[in-house]
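Asker: The structure's right below; bear with me while I get my questions together.
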Amino acid sequence: MTAPEGRGIAEHREKNAETTFRILHVSTGNVCRSPITERLTRHALAHRLGSARTRGLIVESAGTWGHEGAPMEAHAATVLTDFGADPAGFLGRELLDEHVIRADLVLTATRDHRAQVISMGHSAGLRTFTLKEFTRLVRAIDPATLPDPEEAGGVVERARALVQAAAALRGWLLAPNEEADEVHDPYGAPITFFRSIGDEINQALDPVVTALTGVPAPA
């Protein structure tokens, strides 16, 4: 694949791409929703698998109008702390072609974000979903049909199989309404709204992380 000039495009697959699986969370500014989703995903994966078994899973985020180098919003950091996740060291990023090229799964906050990612090309359509859309599809997948995460490389292979199965179901399991797949922007809102969005994201992530890892959330 030839890189467009001036965008710093990475090669489509890194040398170790077969042993890694990249999840990219996308929102608008990359200071509220996608940082929350990124850090909650990392926290949940580490909590269920332990740090050693999560090494093949790389979780990142970016924004379609990303505030490059900006810290996450203070309320977003508070929400992460509420869940026991770590907000430290986060810096916002503008969504670039290289992020989409390298991602094995792109989860967006809204349908507009999904459309923007897909419009960038790079065969992104089959691996780009809104977060809530992916949750809905994942719920319909029989985990017994996915690779065993306990086998060598099993978590990465399971993640790849999960994305393929979700893409195959997309035309059959439609959203009940236009709002069902949206996570609304809390930017500028009070902490109470940020917390409600955090709860919404956490609930959407739970079945996804369970499907990825084969490990249900602790009671």
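Chain labels follow the order of the structure tokens: the first chain is A, the next B, and so on; residue numbering restarts at 1 in every chain, and ligands are counted from 1 in their shown order.
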Set the distance at 12 Å and use only C-alpha atoms: which residues neighbour Ala168 of chain A once local chain neighbours fewer than 4 positions away are removed? I'd like the list as a PDB file with C-alpha atoms, in the first residue's frame.

Answerer:
ATOM      1  CA  GLY A 125     -15.419  -1.212   6.821  1.00  0.00           C
ATOM      2  CA  LEU A 126     -15.332  -4.797   8.063  1.00  0.00           C
ATOM      3  CA  ARG A 127     -13.460  -3.924  11.265  1.00  0.00           C
ATOM      4  CA  PHE A 134     -20.322  -4.197  18.411  1.00  0.00           C
ATOM      5  CA  LEU A 137     -23.426  -8.198  17.677  1.00  0.00           C
ATOM      6  CA  VAL A 138     -21.115  -9.817  20.215  1.00  0.00           C
ATOM      7  CA  ALA A 140     -25.387 -12.902  19.503  1.00  0.00           C
ATOM      8  CA  ILE A 141     -22.132 -14.849  18.982  1.00  0.00           C
ATOM      9  CA  ALA A 161     -12.444 -14.479  15.025  1.00  0.00           C
ATOM     10  CA  LEU A 162     -14.790 -12.295  17.074  1.00  0.00           C
ATOM     11  CA  VAL A 163     -14.442  -9.373  14.656  1.00  0.00           C
ATOM     12  CA  GLN A 164     -15.075 -11.637  11.662  1.00  0.00           C
ATOM     13  CA  TRP A 172     -28.905  -9.263  10.262  1.00  0.00           C
ATOM     14  CA  LEU A 173     -28.950  -7.565  13.666  1.00  0.00           C
TER      15      LEU A 173
END

Asker: If we count only C-alpha atoms, what is near Pro147 of chain A at a cut-off of 10 Å, once residues fewer than 2 positions away on the same chain are taken out, given as a PyMOL selection string?

Answerer: chain A and resi 143-145+149-151+153-162+212+214

Asker: Any chance you could list, as JSON, numbers by chain, the residues in segment 1-189 of chain A that come up strand (DSSP E or B) when DSSP is run on the backbone?

Answerer: {"A": [21, 22, 23, 24, 25, 26, 27, 57, 58, 59, 60, 61, 62, 63, 94, 105, 106, 107, 108, 128, 129, 130]}

Asker: Between A:Arg22, A:Arg139, A:Arg48, A:Arg39, which is the closest to Val215 of chain A once you count only C-alpha atoms?

Answerer: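 Checking each of A:Arg22, A:Arg139, A:Arg48, A:Arg39 against Val215 of chain A, counting only C-alpha atoms, the winner is A:Arg48.
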
Asker: Using DSSP on the backbone, list every residue of segment 51-176 of chain A that comes out as helix (DSSP H, G or I), and give them as number ranges by chain.

Answerer: A: 52-54, 74-82, 97-102, 111-119, 125-127, 131-139, 143-145, 154-169

Asker: Output C-alpha atoms of each residue in that selection to a file, as a short mmCIF file (atom, residue, chain, number, x, y, z; two decimals), in the first residue's frame.

Answerer:
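This went into out-v8.cif:
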data_model
loop_
_atom_site.label_atom_id
_atom_site.label_comp_id
_atom_site.auth_asym_id
_atom_site.auth_seq_id
_atom_site.Cartn_x
_atom_site.Cartn_y
_atom_site.Cartn_z
CA ALA A 52 1.13 -11.07 31.18
CA ARG A 53 -1.73 -12.41 29.06
CA THR A 54 -2.80 -9.00 27.80
CA ALA A 74 -10.73 16.39 34.34
CA HIS A 75 -14.22 14.88 34.69
CA ALA A 76 -13.22 12.01 32.40
CA ALA A 77 -10.23 11.31 34.64
CA THR A 78 -12.52 11.35 37.68
CA VAL A 79 -14.83 8.81 36.04
CA LEU A 80 -11.89 6.49 35.36
CA THR A 81 -10.74 6.80 38.96
CA ASP A 82 -14.28 5.90 40.08
CA ASP A 97 -4.50 7.02 8.45
CA GLU A 98 -1.78 5.04 10.21
CA HIS A 99 -4.02 4.49 13.24
CA VAL A 100 -6.75 3.00 11.04
CA ILE A 101 -4.30 0.93 9.01
CA ARG A 102 -2.78 -0.66 12.10
CA ARG A 111 -22.34 6.42 13.75
CA ASP A 112 -20.83 9.63 12.38
CA HIS A 113 -17.43 8.65 13.75
CA ARG A 114 -17.83 5.21 12.20
CA ALA A 115 -18.62 6.78 8.82
CA GLN A 116 -15.57 9.05 9.08
CA VAL A 117 -13.26 6.12 9.82
CA ILE A 118 -14.67 4.06 6.95
CA SER A 119 -14.36 7.04 4.58
CA GLY A 125 -15.42 -1.21 6.82
CA LEU A 126 -15.33 -4.80 8.06
CA ARG A 127 -13.46 -3.92 11.26
CA LEU A 131 -19.12 0.49 20.47
CA LYS A 132 -22.79 -0.25 21.12
CA GLU A 133 -23.22 -1.86 17.71
CA PHE A 134 -20.32 -4.20 18.41
CA THR A 135 -21.79 -5.02 21.82
CA ARG A 136 -25.11 -5.94 20.24
CA LEU A 137 -23.43 -8.20 17.68
CA VAL A 138 -21.11 -9.82 20.21
CA ARG A 139 -24.06 -10.80 22.40
CA PRO A 143 -18.49 -18.14 22.52
CA ALA A 144 -18.05 -21.87 21.91
CA THR A 145 -17.42 -21.06 18.23
CA GLY A 154 -5.48 -17.86 21.80
CA VAL A 155 -6.57 -14.40 22.97
CA VAL A 156 -5.35 -12.74 19.75
CA GLU A 157 -6.85 -15.46 17.55
CA ARG A 158 -10.10 -15.25 19.51
CA ALA A 159 -10.21 -11.47 18.99
CA ARG A 160 -9.72 -11.84 15.24
CA ALA A 161 -12.44 -14.48 15.03
CA LEU A 162 -14.79 -12.29 17.07
CA VAL A 163 -14.44 -9.37 14.66
CA GLN A 164 -15.07 -11.64 11.66
CA ALA A 165 -18.18 -13.13 13.28
CA ALA A 166 -19.51 -9.68 14.21
CA ALA A 167 -18.99 -8.38 10.68
CA ALA A 168 -20.92 -11.36 9.30
CA LEU A 169 -23.87 -10.61 11.58
#

Asker: Kindly assemble as a Markdown table a list of the segment 122-219 of chain A residues that lie within 12 Å of segment 62-73 of chain A, each paired with its nearest atom pair and their distance in Å to one decimal, using only C-alpha atoms, sorted first by chain and then by ascending residue number.

Answerer:
| residue | atom | partner | partner_atom | distance |
| --- | --- | --- | --- | --- |
| A:Asp185 | CA | A:Glu73 | CA | 11.9 |
| A:Pro186 | CA | A:Glu73 | CA | 9.9 |
| A:Tyr187 | CA | A:Glu73 | CA | 8.0 |
| A:Gly188 | CA | A:Glu73 | CA | 9.0 |
| A:Ala189 | CA | A:Glu73 | CA | 10.7 |
| A:Pro190 | CA | A:Glu73 | CA | 11.4 |
| A:Ile191 | CA | A:Glu73 | CA | 10.6 |
| A:Phe194 | CA | A:Glu73 | CA | 10.0 |

Asker: Just how far from atom CA of His25 of chain A is atom CA of Leu105 of chain A, in Å to one decimal?

Answerer: 8.6 Å

Asker: Would you work out the distance separating atom CA of Ala46 of chain A from atom CA of Leu95 of chain A, expressed in Å to one decimal?

Answerer: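 The value is 25.4 Å.
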
Asker: Just checking: using only C-alpha atoms, which residue out of A:Val31, A:Leu24, A:Leu45, A:Ala175 ends up closest to Val208 of chain A?

Answerer: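 Selected residue with least distance to Val208 of chain A: A:Leu45.
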
Asker: Report, in Å to a single decimal, how far apart atom CA of Ala180 of chain A and atom CA of Ser34 of chain A are.

Answerer: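 Computed distance, atom CA of Ser34 of chain A to atom CA of Ala180 of chain A, equals 17.8 Å.
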